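**Student:** Just one file: my_file-v3.cif, with mmCIF, N, CA and C atoms.
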data_data
#
loop_
_atom_site.label_atom_id
_atom_site.label_comp_id
_atom_site.auth_asym_id
_atom_site.auth_seq_id
_atom_site.Cartn_x
_atom_site.Cartn_y
_atom_site.Cartn_z
N MET A 1 0.84 -1.18 0.00
CA MET A 1 0.00 0.00 0.00
C MET A 1 0.89 1.25 0.00
N VAL A 2 0.55 2.21 -0.80
CA VAL A 2 1.31 3.45 -0.91
C VAL A 2 1.03 4.33 0.29
N GLU A 3 2.08 4.87 0.89
CA GLU A 3 1.93 5.79 2.02
C GLU A 3 1.52 7.15 1.47
N LEU A 4 0.38 7.69 1.93
CA LEU A 4 -0.16 8.94 1.40
C LEU A 4 0.79 10.11 1.61
N LYS A 5 1.47 10.14 2.72
CA LYS A 5 2.39 11.25 2.99
C LYS A 5 3.50 11.31 1.93
N ARG A 6 3.94 10.14 1.45
CA ARG A 6 4.96 10.12 0.38
C ARG A 6 4.40 10.69 -0.92
N VAL A 7 3.14 10.38 -1.20
CA VAL A 7 2.47 10.93 -2.39
C VAL A 7 2.39 12.45 -2.26
N VAL A 8 2.00 12.93 -1.09
CA VAL A 8 1.87 14.37 -0.85
C VAL A 8 3.22 15.06 -1.04
N ARG A 9 4.29 14.45 -0.57
CA ARG A 9 5.63 15.04 -0.74
C ARG A 9 5.98 15.23 -2.21
N LEU A 10 5.55 14.31 -3.08
CA LEU A 10 5.80 14.45 -4.52
C LEU A 10 5.07 15.67 -5.08
N PHE A 11 3.87 15.92 -4.61
CA PHE A 11 3.14 17.12 -5.04
C PHE A 11 3.83 18.38 -4.51
N GLU A 12 4.27 18.34 -3.26
CA GLU A 12 4.96 19.49 -2.68
C GLU A 12 6.28 19.76 -3.39
N LYS A 13 6.92 18.72 -3.87
CA LYS A 13 8.19 18.86 -4.58
C LYS A 13 8.05 19.68 -5.86
N ILE A 14 6.87 19.66 -6.49
CA ILE A 14 6.65 20.45 -7.71
C ILE A 14 6.01 21.81 -7.40
N GLY A 15 5.96 22.18 -6.12
CA GLY A 15 5.49 23.52 -5.75
C GLY A 15 4.07 23.61 -5.25
N ALA A 16 3.41 22.47 -5.05
CA ALA A 16 2.04 22.50 -4.53
C ALA A 16 2.05 22.74 -3.02
N LYS A 17 1.04 23.40 -2.55
CA LYS A 17 0.80 23.55 -1.10
C LYS A 17 -0.19 22.47 -0.72
N CYS A 18 0.04 21.80 0.41
CA CYS A 18 -0.82 20.69 0.80
C CYS A 18 -1.18 20.78 2.28
N ARG A 19 -2.34 20.21 2.61
CA ARG A 19 -2.75 20.12 4.02
C ARG A 19 -3.54 18.84 4.21
N LYS A 20 -3.47 18.32 5.44
CA LYS A 20 -4.22 17.12 5.80
C LYS A 20 -5.56 17.57 6.36
N LEU A 21 -6.63 16.89 5.96
CA LEU A 21 -7.94 17.22 6.50
C LEU A 21 -8.06 16.65 7.91
N ARG A 22 -8.64 17.42 8.76
CA ARG A 22 -8.76 17.06 10.18
C ARG A 22 -9.51 15.74 10.36
N ARG A 23 -8.94 14.87 11.15
CA ARG A 23 -9.51 13.57 11.55
C ARG A 23 -9.79 12.62 10.38
N ARG A 24 -9.15 12.86 9.24
CA ARG A 24 -9.34 11.98 8.09
C ARG A 24 -7.99 11.73 7.44
N ASN A 25 -7.83 10.60 6.81
CA ASN A 25 -6.59 10.29 6.11
C ASN A 25 -6.74 10.76 4.65
N VAL A 26 -6.98 12.07 4.51
CA VAL A 26 -7.19 12.71 3.22
C VAL A 26 -6.37 14.00 3.20
N TYR A 27 -5.71 14.24 2.07
CA TYR A 27 -4.92 15.45 1.90
C TYR A 27 -5.46 16.25 0.72
N GLU A 28 -5.37 17.56 0.82
CA GLU A 28 -5.71 18.45 -0.29
C GLU A 28 -4.45 19.22 -0.68
N CYS A 29 -4.18 19.28 -1.97
CA CYS A 29 -3.04 20.03 -2.48
C CYS A 29 -3.55 21.00 -3.54
N TRP A 30 -2.87 22.13 -3.68
CA TRP A 30 -3.25 23.09 -4.70
C TRP A 30 -2.02 23.82 -5.23
N LYS A 31 -2.11 24.17 -6.50
CA LYS A 31 -1.09 24.96 -7.17
C LYS A 31 -1.84 25.83 -8.17
N ASP A 32 -1.75 27.12 -7.98
CA ASP A 32 -2.56 28.05 -8.76
C ASP A 32 -4.03 27.65 -8.58
N ASP A 33 -4.77 27.43 -9.66
CA ASP A 33 -6.19 27.08 -9.55
C ASP A 33 -6.46 25.58 -9.60
N ILE A 34 -5.42 24.77 -9.69
CA ILE A 34 -5.58 23.32 -9.80
C ILE A 34 -5.50 22.70 -8.40
N THR A 35 -6.43 21.80 -8.10
CA THR A 35 -6.43 21.14 -6.79
C THR A 35 -6.34 19.63 -6.98
N ALA A 36 -5.82 18.97 -5.95
CA ALA A 36 -5.76 17.51 -5.93
C ALA A 36 -6.20 17.03 -4.56
N THR A 37 -7.03 16.01 -4.54
CA THR A 37 -7.43 15.35 -3.31
C THR A 37 -6.79 13.97 -3.32
N ILE A 38 -6.04 13.68 -2.26
CA ILE A 38 -5.29 12.43 -2.17
C ILE A 38 -5.83 11.64 -0.98
N SER A 39 -6.30 10.43 -1.27
CA SER A 39 -6.83 9.56 -0.22
C SER A 39 -6.46 8.13 -0.55
N GLU A 40 -6.85 7.22 0.31
CA GLU A 40 -6.59 5.80 0.07
C GLU A 40 -7.34 5.29 -1.16
N GLU A 41 -8.36 6.02 -1.60
CA GLU A 41 -9.14 5.63 -2.78
C GLU A 41 -8.48 6.08 -4.08
N GLY A 42 -7.50 7.01 -3.99
CA GLY A 42 -6.80 7.48 -5.18
C GLY A 42 -6.58 8.97 -5.15
N ILE A 43 -6.29 9.52 -6.31
CA ILE A 43 -5.97 10.93 -6.46
C ILE A 43 -6.97 11.52 -7.46
N THR A 44 -7.62 12.61 -7.06
CA THR A 44 -8.54 13.31 -7.96
C THR A 44 -8.01 14.71 -8.18
N ILE A 45 -7.74 15.04 -9.44
CA ILE A 45 -7.26 16.37 -9.81
C ILE A 45 -8.42 17.14 -10.41
N VAL A 46 -8.60 18.41 -9.99
CA VAL A 46 -9.72 19.21 -10.45
C VAL A 46 -9.22 20.54 -11.00
N SER A 47 -9.69 20.87 -12.20
CA SER A 47 -9.43 22.16 -12.82
C SER A 47 -10.75 22.90 -12.93
N PRO A 48 -10.87 24.10 -12.36
CA PRO A 48 -12.14 24.85 -12.46
C PRO A 48 -12.29 25.42 -13.87
N GLY A 49 -13.50 25.73 -14.25
CA GLY A 49 -13.76 26.33 -15.55
C GLY A 49 -15.02 27.16 -15.51
N GLU A 50 -15.56 27.47 -16.66
CA GLU A 50 -16.76 28.29 -16.76
C GLU A 50 -17.88 27.52 -17.41
N PHE A 51 -19.09 27.80 -16.96
CA PHE A 51 -20.28 27.24 -17.58
C PHE A 51 -21.29 28.35 -17.71
N ARG A 52 -21.70 28.63 -18.94
CA ARG A 52 -22.58 29.78 -19.17
C ARG A 52 -23.97 29.40 -19.63
N VAL A 53 -24.15 28.24 -20.21
CA VAL A 53 -25.45 27.82 -20.73
C VAL A 53 -25.64 26.35 -20.41
N TRP A 54 -26.86 25.94 -20.12
CA TRP A 54 -27.12 24.54 -19.80
C TRP A 54 -27.35 23.72 -21.06
N TYR A 55 -26.56 22.71 -21.26
CA TYR A 55 -26.72 21.77 -22.36
C TYR A 55 -26.41 20.37 -21.84
N SER A 56 -26.90 19.36 -22.52
CA SER A 56 -26.59 18.01 -22.08
C SER A 56 -25.46 17.39 -22.90
N GLU A 57 -25.19 17.92 -24.08
CA GLU A 57 -24.07 17.46 -24.90
C GLU A 57 -23.23 18.65 -25.32
N PHE A 58 -21.93 18.45 -25.35
CA PHE A 58 -21.01 19.53 -25.70
C PHE A 58 -20.04 19.03 -26.75
N TRP A 59 -19.53 19.92 -27.57
CA TRP A 59 -18.53 19.57 -28.56
C TRP A 59 -17.60 20.76 -28.75
N THR A 60 -16.42 20.49 -29.25
CA THR A 60 -15.43 21.54 -29.44
C THR A 60 -15.62 22.17 -30.82
N GLU A 61 -14.96 23.29 -31.01
CA GLU A 61 -15.03 23.99 -32.28
C GLU A 61 -14.56 23.11 -33.45
N ASP A 62 -13.62 22.21 -33.16
CA ASP A 62 -13.12 21.31 -34.20
C ASP A 62 -13.82 19.95 -34.17
N ASP A 63 -15.07 19.94 -33.71
CA ASP A 63 -16.00 18.80 -33.78
C ASP A 63 -15.64 17.57 -32.96
N TYR A 64 -14.96 17.73 -31.85
CA TYR A 64 -14.77 16.63 -30.90
C TYR A 64 -15.93 16.68 -29.90
N ARG A 65 -16.62 15.59 -29.71
CA ARG A 65 -17.65 15.54 -28.69
C ARG A 65 -16.98 15.48 -27.31
N GLU A 66 -17.72 15.93 -26.32
CA GLU A 66 -17.22 15.92 -24.94
C GLU A 66 -16.67 14.54 -24.58
N LYS A 67 -17.41 13.49 -24.90
CA LYS A 67 -17.00 12.11 -24.59
C LYS A 67 -15.65 11.78 -25.24
N ASP A 68 -15.47 12.23 -26.49
CA ASP A 68 -14.21 11.96 -27.20
C ASP A 68 -13.04 12.66 -26.53
N VAL A 69 -13.25 13.91 -26.13
CA VAL A 69 -12.19 14.67 -25.45
C VAL A 69 -11.82 13.98 -24.14
N LEU A 70 -12.82 13.55 -23.37
CA LEU A 70 -12.55 12.91 -22.09
C LEU A 70 -11.85 11.56 -22.27
N GLU A 71 -12.24 10.80 -23.29
CA GLU A 71 -11.57 9.52 -23.54
C GLU A 71 -10.11 9.74 -23.94
N LYS A 72 -9.86 10.72 -24.81
CA LYS A 72 -8.48 11.02 -25.21
C LYS A 72 -7.67 11.51 -24.02
N LEU A 73 -8.29 12.30 -23.16
CA LEU A 73 -7.62 12.81 -21.96
C LEU A 73 -7.23 11.66 -21.04
N GLU A 74 -8.11 10.70 -20.84
CA GLU A 74 -7.78 9.51 -20.03
C GLU A 74 -6.60 8.76 -20.64
N GLU A 75 -6.63 8.60 -21.95
CA GLU A 75 -5.57 7.87 -22.65
C GLU A 75 -4.22 8.57 -22.52
N ILE A 76 -4.19 9.87 -22.71
CA ILE A 76 -2.94 10.63 -22.68
C ILE A 76 -2.38 10.77 -21.26
N THR A 77 -3.27 10.98 -20.28
CA THR A 77 -2.80 11.24 -18.92
C THR A 77 -2.62 9.99 -18.08
N GLY A 78 -3.26 8.89 -18.46
CA GLY A 78 -3.22 7.69 -17.63
C GLY A 78 -4.25 7.71 -16.52
N ALA A 79 -5.18 8.66 -16.58
CA ALA A 79 -6.23 8.75 -15.55
C ALA A 79 -7.17 7.55 -15.66
N ARG A 80 -7.66 7.11 -14.52
CA ARG A 80 -8.64 6.03 -14.48
C ARG A 80 -9.99 6.54 -15.01
N ASP A 81 -10.27 7.82 -14.78
CA ASP A 81 -11.54 8.40 -15.16
C ASP A 81 -11.37 9.90 -15.38
N ALA A 82 -12.06 10.44 -16.38
CA ALA A 82 -12.09 11.88 -16.63
C ALA A 82 -13.55 12.26 -16.78
N GLU A 83 -13.95 13.35 -16.14
CA GLU A 83 -15.34 13.78 -16.24
C GLU A 83 -15.44 15.30 -16.11
N ILE A 84 -16.54 15.81 -16.59
CA ILE A 84 -16.85 17.23 -16.39
C ILE A 84 -18.05 17.28 -15.45
N ASP A 85 -17.85 17.94 -14.32
CA ASP A 85 -18.88 18.10 -13.30
C ASP A 85 -19.40 19.54 -13.41
N ILE A 86 -20.71 19.73 -13.31
CA ILE A 86 -21.28 21.07 -13.46
C ILE A 86 -22.07 21.43 -12.21
N PRO A 87 -21.38 21.95 -11.18
CA PRO A 87 -22.11 22.41 -9.99
C PRO A 87 -22.42 23.91 -10.09
N CYS A 88 -23.66 24.26 -10.19
CA CYS A 88 -24.14 25.64 -10.08
C CYS A 88 -23.33 26.71 -10.81
N GLY A 89 -23.41 26.79 -12.10
CA GLY A 89 -22.83 27.90 -12.84
C GLY A 89 -21.34 27.83 -13.11
N SER A 90 -20.71 26.75 -12.76
CA SER A 90 -19.29 26.59 -13.07
C SER A 90 -19.09 25.14 -13.51
N ILE A 91 -17.93 24.85 -14.06
CA ILE A 91 -17.64 23.45 -14.36
C ILE A 91 -16.34 23.05 -13.68
N LYS A 92 -16.21 21.77 -13.46
CA LYS A 92 -14.97 21.24 -12.91
C LYS A 92 -14.56 20.06 -13.78
N LEU A 93 -13.38 20.14 -14.32
CA LEU A 93 -12.80 19.03 -15.06
C LEU A 93 -12.07 18.16 -14.04
N LYS A 94 -12.52 16.92 -13.87
CA LYS A 94 -11.96 16.03 -12.84
C LYS A 94 -11.25 14.86 -13.50
N LEU A 95 -10.03 14.61 -13.04
CA LEU A 95 -9.25 13.46 -13.48
C LEU A 95 -8.95 12.61 -12.25
N LYS A 96 -9.28 11.33 -12.31
CA LYS A 96 -9.07 10.44 -11.17
C LYS A 96 -7.98 9.42 -11.51
N PHE A 97 -7.03 9.28 -10.58
CA PHE A 97 -5.90 8.37 -10.75
C PHE A 97 -5.86 7.38 -9.60
N ASP A 98 -5.45 6.16 -9.89
CA ASP A 98 -5.18 5.19 -8.84
C ASP A 98 -3.84 5.56 -8.19
N LEU A 99 -3.64 5.13 -6.95
CA LEU A 99 -2.42 5.48 -6.23
C LEU A 99 -1.16 4.91 -6.88
N ASP A 100 -1.29 3.86 -7.65
CA ASP A 100 -0.10 3.32 -8.32
C ASP A 100 0.26 4.14 -9.57
N ARG A 101 -0.50 5.19 -9.86
CA ARG A 101 -0.22 6.08 -11.00
C ARG A 101 0.15 7.48 -10.49
N VAL A 102 0.77 7.54 -9.31
CA VAL A 102 1.08 8.83 -8.70
C VAL A 102 1.99 9.69 -9.58
N ALA A 103 2.95 9.09 -10.26
CA ALA A 103 3.84 9.87 -11.13
C ALA A 103 3.05 10.55 -12.25
N ASP A 104 2.08 9.83 -12.82
CA ASP A 104 1.22 10.42 -13.85
C ASP A 104 0.40 11.56 -13.26
N ALA A 105 -0.16 11.34 -12.08
CA ALA A 105 -1.00 12.36 -11.45
C ALA A 105 -0.21 13.63 -11.16
N VAL A 106 1.00 13.49 -10.62
CA VAL A 106 1.84 14.65 -10.32
C VAL A 106 2.18 15.39 -11.62
N HIS A 107 2.53 14.65 -12.67
CA HIS A 107 2.86 15.26 -13.96
C HIS A 107 1.67 16.06 -14.51
N VAL A 108 0.49 15.45 -14.50
CA VAL A 108 -0.71 16.11 -15.03
C VAL A 108 -1.08 17.33 -14.19
N PHE A 109 -1.03 17.19 -12.86
CA PHE A 109 -1.31 18.30 -11.95
C PHE A 109 -0.41 19.49 -12.26
N ASN A 110 0.89 19.22 -12.40
CA ASN A 110 1.86 20.27 -12.67
C ASN A 110 1.62 20.91 -14.04
N LYS A 111 1.37 20.09 -15.07
CA LYS A 111 1.10 20.62 -16.42
C LYS A 111 -0.14 21.51 -16.42
N MET A 112 -1.19 21.07 -15.73
CA MET A 112 -2.42 21.85 -15.70
C MET A 112 -2.20 23.20 -15.05
N ALA A 113 -1.40 23.24 -13.98
CA ALA A 113 -1.11 24.50 -13.31
C ALA A 113 -0.19 25.38 -14.15
N GLU A 114 0.90 24.82 -14.64
CA GLU A 114 1.88 25.62 -15.38
C GLU A 114 1.37 26.09 -16.74
N GLU A 115 0.60 25.25 -17.43
CA GLU A 115 0.09 25.59 -18.76
C GLU A 115 -1.29 26.24 -18.70
N GLU A 116 -1.81 26.41 -17.46
CA GLU A 116 -3.13 27.00 -17.25
C GLU A 116 -4.17 26.31 -18.14
N LEU A 117 -4.28 25.00 -18.01
CA LEU A 117 -5.19 24.20 -18.81
C LEU A 117 -6.54 24.07 -18.12
N TRP A 118 -7.58 24.53 -18.78
CA TRP A 118 -8.93 24.41 -18.25
C TRP A 118 -9.92 24.41 -19.40
N ALA A 119 -11.19 24.27 -19.08
CA ALA A 119 -12.21 24.19 -20.12
C ALA A 119 -13.35 25.14 -19.78
N ALA A 120 -14.06 25.57 -20.81
CA ALA A 120 -15.26 26.39 -20.65
C ALA A 120 -16.33 25.82 -21.55
N ILE A 121 -17.53 25.74 -21.03
CA ILE A 121 -18.68 25.37 -21.86
C ILE A 121 -19.48 26.65 -22.02
N THR A 122 -19.64 27.08 -23.25
CA THR A 122 -20.15 28.42 -23.45
C THR A 122 -20.96 28.54 -24.72
N ASN A 123 -21.54 29.64 -24.93
CA ASN A 123 -22.34 30.18 -26.03
C ASN A 123 -23.60 29.38 -26.31
N ILE A 124 -24.37 29.92 -27.17
CA ILE A 124 -25.70 29.40 -27.46
C ILE A 124 -25.68 28.00 -28.05
N GLU A 125 -24.60 27.60 -28.66
CA GLU A 125 -24.52 26.29 -29.30
C GLU A 125 -23.98 25.19 -28.39
N GLY A 126 -23.61 25.50 -27.16
CA GLY A 126 -23.09 24.48 -26.25
C GLY A 126 -21.70 24.02 -26.62
N GLU A 127 -20.84 24.97 -26.94
CA GLU A 127 -19.47 24.64 -27.35
C GLU A 127 -18.58 24.42 -26.14
N LEU A 128 -17.79 23.37 -26.20
CA LEU A 128 -16.77 23.09 -25.18
C LEU A 128 -15.49 23.74 -25.64
N ARG A 129 -15.06 24.77 -24.94
CA ARG A 129 -13.83 25.47 -25.32
C ARG A 129 -12.69 25.02 -24.43
N LEU A 130 -11.55 24.75 -25.03
CA LEU A 130 -10.37 24.28 -24.30
C LEU A 130 -9.37 25.42 -24.25
N ILE A 131 -8.99 25.79 -23.03
CA ILE A 131 -8.18 26.98 -22.79
C ILE A 131 -6.78 26.59 -22.34
N ARG A 132 -5.79 27.24 -22.94
CA ARG A 132 -4.39 27.05 -22.55
C ARG A 132 -3.76 28.44 -22.47
N ARG A 133 -3.26 28.77 -21.29
CA ARG A 133 -2.63 30.07 -21.05
C ARG A 133 -3.50 31.24 -21.49
N GLY A 134 -4.79 31.14 -21.19
CA GLY A 134 -5.72 32.23 -21.45
C GLY A 134 -6.26 32.29 -22.87
N GLU A 135 -5.84 31.39 -23.74
CA GLU A 135 -6.27 31.41 -25.14
C GLU A 135 -7.00 30.12 -25.49
N GLN A 136 -8.06 30.24 -26.29
CA GLN A 136 -8.73 29.05 -26.78
C GLN A 136 -7.84 28.38 -27.82
N VAL A 137 -7.65 27.07 -27.68
CA VAL A 137 -6.79 26.32 -28.60
C VAL A 137 -7.56 25.12 -29.15
N SER A 138 -7.00 24.49 -30.18
CA SER A 138 -7.62 23.29 -30.75
C SER A 138 -7.54 22.14 -29.75
N THR A 139 -8.38 21.16 -29.97
CA THR A 139 -8.40 19.99 -29.09
C THR A 139 -7.04 19.31 -29.07
N GLU A 140 -6.46 19.10 -30.25
CA GLU A 140 -5.17 18.42 -30.32
C GLU A 140 -4.07 19.22 -29.60
N GLU A 141 -4.05 20.53 -29.77
CA GLU A 141 -3.05 21.36 -29.09
C GLU A 141 -3.23 21.30 -27.58
N TRP A 142 -4.46 21.31 -27.11
CA TRP A 142 -4.74 21.26 -25.68
C TRP A 142 -4.31 19.92 -25.10
N LEU A 143 -4.65 18.82 -25.78
CA LEU A 143 -4.27 17.50 -25.31
C LEU A 143 -2.76 17.30 -25.36
N GLU A 144 -2.10 17.88 -26.36
CA GLU A 144 -0.65 17.77 -26.52
C GLU A 144 0.09 18.35 -25.31
N ALA A 145 -0.50 19.34 -24.66
CA ALA A 145 0.15 19.97 -23.51
C ALA A 145 0.36 19.01 -22.35
N PHE A 146 -0.38 17.92 -22.29
CA PHE A 146 -0.23 16.95 -21.20
C PHE A 146 0.95 16.02 -21.39
N LYS A 147 1.52 15.97 -22.58
CA LYS A 147 2.62 15.04 -22.86
C LYS A 147 3.92 15.55 -22.31
#
What would you get if you wrote out this structure as structure tokens?

**Tutor:**
Amino acid sequence: MVELKRVVRLFEKIGAKCRKLRRRNVYECWKDDITATISEEGITIVSPGEFRVWYSEFWTEDDYREKDVLEKLEEITGARDAEIDIPCGSIKLKLKFDLDRVADAVHVFNKMAEEELWAAITNIEGELRLIRRGEQVSTEEWLEAFK
């Protein structure tokens, strides 16, 4: 079994600030706007984003459906699961990693913070926009940043 404190140290080594939640074996780490929750169940990385219109299906400007983007993201990052969560007027891009993929999780966490990688679901057509360093980029360019 992986010792959680060792996992946390790897996140701290790349500049993340971390804290242990009171009375629980759970840690939260953050770097810029990217957060990671580390527990015995795994590592969940969250990138905040924007949500302006309610839709049930989203696609990118270059015709990738939301499902396709998330599947490619799982493949490139090694995440066990990728999802877009929409709580009350914002979105959260969540990537979940098993503890045996800690190196992948730390790499992705760092890339998301340094490259300012996030997503926005916006406009009347329900477009999923992928943002890198404040600019909308193509799906391939956005996914390439994780390598």

**Student:** Mind telling me what the PyMOL selection byres ((chain A and resi 132-144) around 5) catches here, as a count of residues only?

**Tutor:** 8

**Student:** Using only C-alpha atoms, can you tell me which of A:Arg129, A:Lys111, A:Arg6, A:Lys92 comes closest to Ile38 of chain A?

**Tutor:**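 Nearest candidate to Ile38 of chain A out of A:Arg129, A:Lys111, A:Arg6, A:Lys92: A:Arg6.
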
**Student:** Kindly provide, as an mmCIF file with N, CA and C atoms, keeping the file's coordinate frame, the polymer residues lying within 12 Å of (-6.9, 9.0, -7.4), counting only C-alpha atoms and using the coordinates exactly as they appear in the file.

**Tutor:**
data_model
loop_
_atom_site.group_PDB
_atom_site.id
_atom_site.type_symbol
_atom_site.label_atom_id
_atom_site.label_comp_id
_atom_site.auth_asym_id
_atom_site.auth_seq_id
_atom_site.Cartn_x
_atom_site.Cartn_y
_atom_site.Cartn_z
ATOM 1 N N VAL A 2 0.550 2.210 -0.800
ATOM 2 C CA VAL A 2 1.310 3.450 -0.910
ATOM 3 C C VAL A 2 1.030 4.330 0.290
ATOM 4 N N LEU A 4 0.380 7.690 1.930
ATOM 5 C CA LEU A 4 -0.160 8.940 1.400
ATOM 6 C C LEU A 4 0.790 10.110 1.610
ATOM 7 N N VAL A 7 3.140 10.380 -1.200
ATOM 8 C CA VAL A 7 2.470 10.930 -2.390
ATOM 9 C C VAL A 7 2.390 12.450 -2.260
ATOM 10 N N VAL A 26 -6.980 12.070 4.510
ATOM 11 C CA VAL A 26 -7.190 12.710 3.220
ATOM 12 C C VAL A 26 -6.370 14.000 3.200
ATOM 13 N N TYR A 27 -5.710 14.240 2.070
ATOM 14 C CA TYR A 27 -4.920 15.450 1.900
ATOM 15 C C TYR A 27 -5.460 16.250 0.720
ATOM 16 N N GLU A 28 -5.370 17.560 0.820
ATOM 17 C CA GLU A 28 -5.710 18.450 -0.290
ATOM 18 C C GLU A 28 -4.450 19.220 -0.680
ATOM 19 N N ALA A 36 -5.820 18.970 -5.950
ATOM 20 C CA ALA A 36 -5.760 17.510 -5.930
ATOM 21 C C ALA A 36 -6.200 17.030 -4.560
ATOM 22 N N THR A 37 -7.030 16.010 -4.540
ATOM 23 C CA THR A 37 -7.430 15.350 -3.310
ATOM 24 C C THR A 37 -6.790 13.970 -3.320
ATOM 25 N N ILE A 38 -6.040 13.680 -2.260
ATOM 26 C CA ILE A 38 -5.290 12.430 -2.170
ATOM 27 C C ILE A 38 -5.830 11.640 -0.980
ATOM 28 N N SER A 39 -6.300 10.430 -1.270
ATOM 29 C CA SER A 39 -6.830 9.560 -0.220
ATOM 30 C C SER A 39 -6.460 8.130 -0.550
ATOM 31 N N GLU A 40 -6.850 7.220 0.310
ATOM 32 C CA GLU A 40 -6.590 5.800 0.070
ATOM 33 C C GLU A 40 -7.340 5.290 -1.160
ATOM 34 N N GLU A 41 -8.360 6.020 -1.600
ATOM 35 C CA GLU A 41 -9.140 5.630 -2.780
ATOM 36 C C GLU A 41 -8.480 6.080 -4.080
ATOM 37 N N GLY A 42 -7.500 7.010 -3.990
ATOM 38 C CA GLY A 42 -6.800 7.480 -5.180
ATOM 39 C C GLY A 42 -6.580 8.970 -5.150
ATOM 40 N N ILE A 43 -6.290 9.520 -6.310
ATOM 41 C CA ILE A 43 -5.970 10.930 -6.460
ATOM 42 C C ILE A 43 -6.970 11.520 -7.460
ATOM 43 N N THR A 44 -7.620 12.610 -7.060
ATOM 44 C CA THR A 44 -8.540 13.310 -7.960
ATOM 45 C C THR A 44 -8.010 14.710 -8.180
ATOM 46 N N ILE A 45 -7.740 15.040 -9.440
ATOM 47 C CA ILE A 45 -7.260 16.370 -9.810
ATOM 48 C C ILE A 45 -8.420 17.140 -10.410
ATOM 49 N N VAL A 46 -8.600 18.410 -9.990
ATOM 50 C CA VAL A 46 -9.720 19.210 -10.450
ATOM 51 C C VAL A 46 -9.220 20.540 -11.000
ATOM 52 N N GLY A 78 -3.260 8.890 -18.460
ATOM 53 C CA GLY A 78 -3.220 7.690 -17.630
ATOM 54 C C GLY A 78 -4.250 7.710 -16.520
ATOM 55 N N ALA A 79 -5.180 8.660 -16.580
ATOM 56 C CA ALA A 79 -6.230 8.750 -15.550
ATOM 57 C C ALA A 79 -7.170 7.550 -15.660
ATOM 58 N N ARG A 80 -7.660 7.110 -14.520
ATOM 59 C CA ARG A 80 -8.640 6.030 -14.480
ATOM 60 C C ARG A 80 -9.990 6.540 -15.010
ATOM 61 N N ASP A 81 -10.270 7.820 -14.780
ATOM 62 C CA ASP A 81 -11.540 8.400 -15.160
ATOM 63 C C ASP A 81 -11.370 9.900 -15.380
ATOM 64 N N ALA A 82 -12.060 10.440 -16.380
ATOM 65 C CA ALA A 82 -12.090 11.880 -16.630
ATOM 66 C C ALA A 82 -13.550 12.260 -16.780
ATOM 67 N N LYS A 94 -12.520 16.920 -13.870
ATOM 68 C CA LYS A 94 -11.960 16.030 -12.840
ATOM 69 C C LYS A 94 -11.250 14.860 -13.500
ATOM 70 N N LEU A 95 -10.030 14.610 -13.040
ATOM 71 C CA LEU A 95 -9.250 13.460 -13.480
ATOM 72 C C LEU A 95 -8.950 12.610 -12.250
ATOM 73 N N LYS A 96 -9.280 11.330 -12.310
ATOM 74 C CA LYS A 96 -9.070 10.440 -11.170
ATOM 75 C C LYS A 96 -7.980 9.420 -11.510
ATOM 76 N N PHE A 97 -7.030 9.280 -10.580
ATOM 77 C CA PHE A 97 -5.900 8.370 -10.750
ATOM 78 C C PHE A 97 -5.860 7.380 -9.600
ATOM 79 N N ASP A 98 -5.450 6.160 -9.890
ATOM 80 C CA ASP A 98 -5.180 5.190 -8.840
ATOM 81 C C ASP A 98 -3.840 5.560 -8.190
ATOM 82 N N LEU A 99 -3.640 5.130 -6.950
ATOM 83 C CA LEU A 99 -2.420 5.480 -6.230
ATOM 84 C C LEU A 99 -1.160 4.910 -6.880
ATOM 85 N N ASP A 100 -1.290 3.860 -7.650
ATOM 86 C CA ASP A 100 -0.100 3.320 -8.320
ATOM 87 C C ASP A 100 0.260 4.140 -9.570
ATOM 88 N N ARG A 101 -0.500 5.190 -9.860
ATOM 89 C CA ARG A 101 -0.220 6.080 -11.000
ATOM 90 C C ARG A 101 0.150 7.480 -10.490
ATOM 91 N N VAL A 102 0.770 7.540 -9.310
ATOM 92 C CA VAL A 102 1.080 8.830 -8.700
ATOM 93 C C VAL A 102 1.990 9.690 -9.580
ATOM 94 N N ALA A 103 2.950 9.090 -10.260
ATOM 95 C CA ALA A 103 3.840 9.870 -11.130
ATOM 96 C C ALA A 103 3.050 10.550 -12.250
ATOM 97 N N ASP A 104 2.080 9.830 -12.820
ATOM 98 C CA ASP A 104 1.220 10.420 -13.850
ATOM 99 C C ASP A 104 0.400 11.560 -13.260
ATOM 100 N N ALA A 105 -0.160 11.340 -12.080
ATOM 101 C CA ALA A 105 -1.000 12.360 -11.450
ATOM 102 C C ALA A 105 -0.210 13.630 -11.160
ATOM 103 N N VAL A 106 1.000 13.490 -10.620
ATOM 104 C CA VAL A 106 1.840 14.650 -10.320
ATOM 105 C C VAL A 106 2.180 15.390 -11.620
ATOM 106 N N PHE A 109 -1.030 17.190 -12.860
ATOM 107 C CA PHE A 109 -1.310 18.300 -11.950
ATOM 108 C C PHE A 109 -0.410 19.490 -12.260
#

**Student:** Just the residues within 6 Å of Ser47 of chain A, please, counting all atoms listed in the file, with nothing from its chain fewer than 4 positions along; format it as a PyMOL selection string.

**Tutor:** chain A and resi 33-35+91-94+118

**Student:** For Glu127 of chain A, which residue among A:Phe58, A:Val8, A:Ser90, A:Thr77 is the nearest when counting all atoms listed in the file?

**Tutor:**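 Ranked by minimum distance to Glu127 of chain A, first place goes to A:Phe58.
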
**Student:** Which is closer to Glu74 of chain A than all the others in A:Glu3, A:Lys17, A:Glu61, A:Val108, using only C-alpha atoms?

**Tutor:** A:Val108

**Student:** As a list in words, please: all residues of segment 86-116 of chain A that backbone DSSP puts in alpha helix (DSSP H).

**Tutor:**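 The alpha helix (DSSP H) subset of segment 86-116 of chain A is Val102, Ala103, Asp104, Ala105, Val106, His107, Val108, Phe109, Asn110, Lys111, Met112, Ala113 and Glu114 of chain A.
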
**Student:** So how far away is atom C of Gly15 of chain A from atom CA of Trp30 of chain A, in Å?

**Tutor:**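 Value for the atom CA of Trp30 of chain A-atom C of Gly15 of chain A distance: 7.4 Å.
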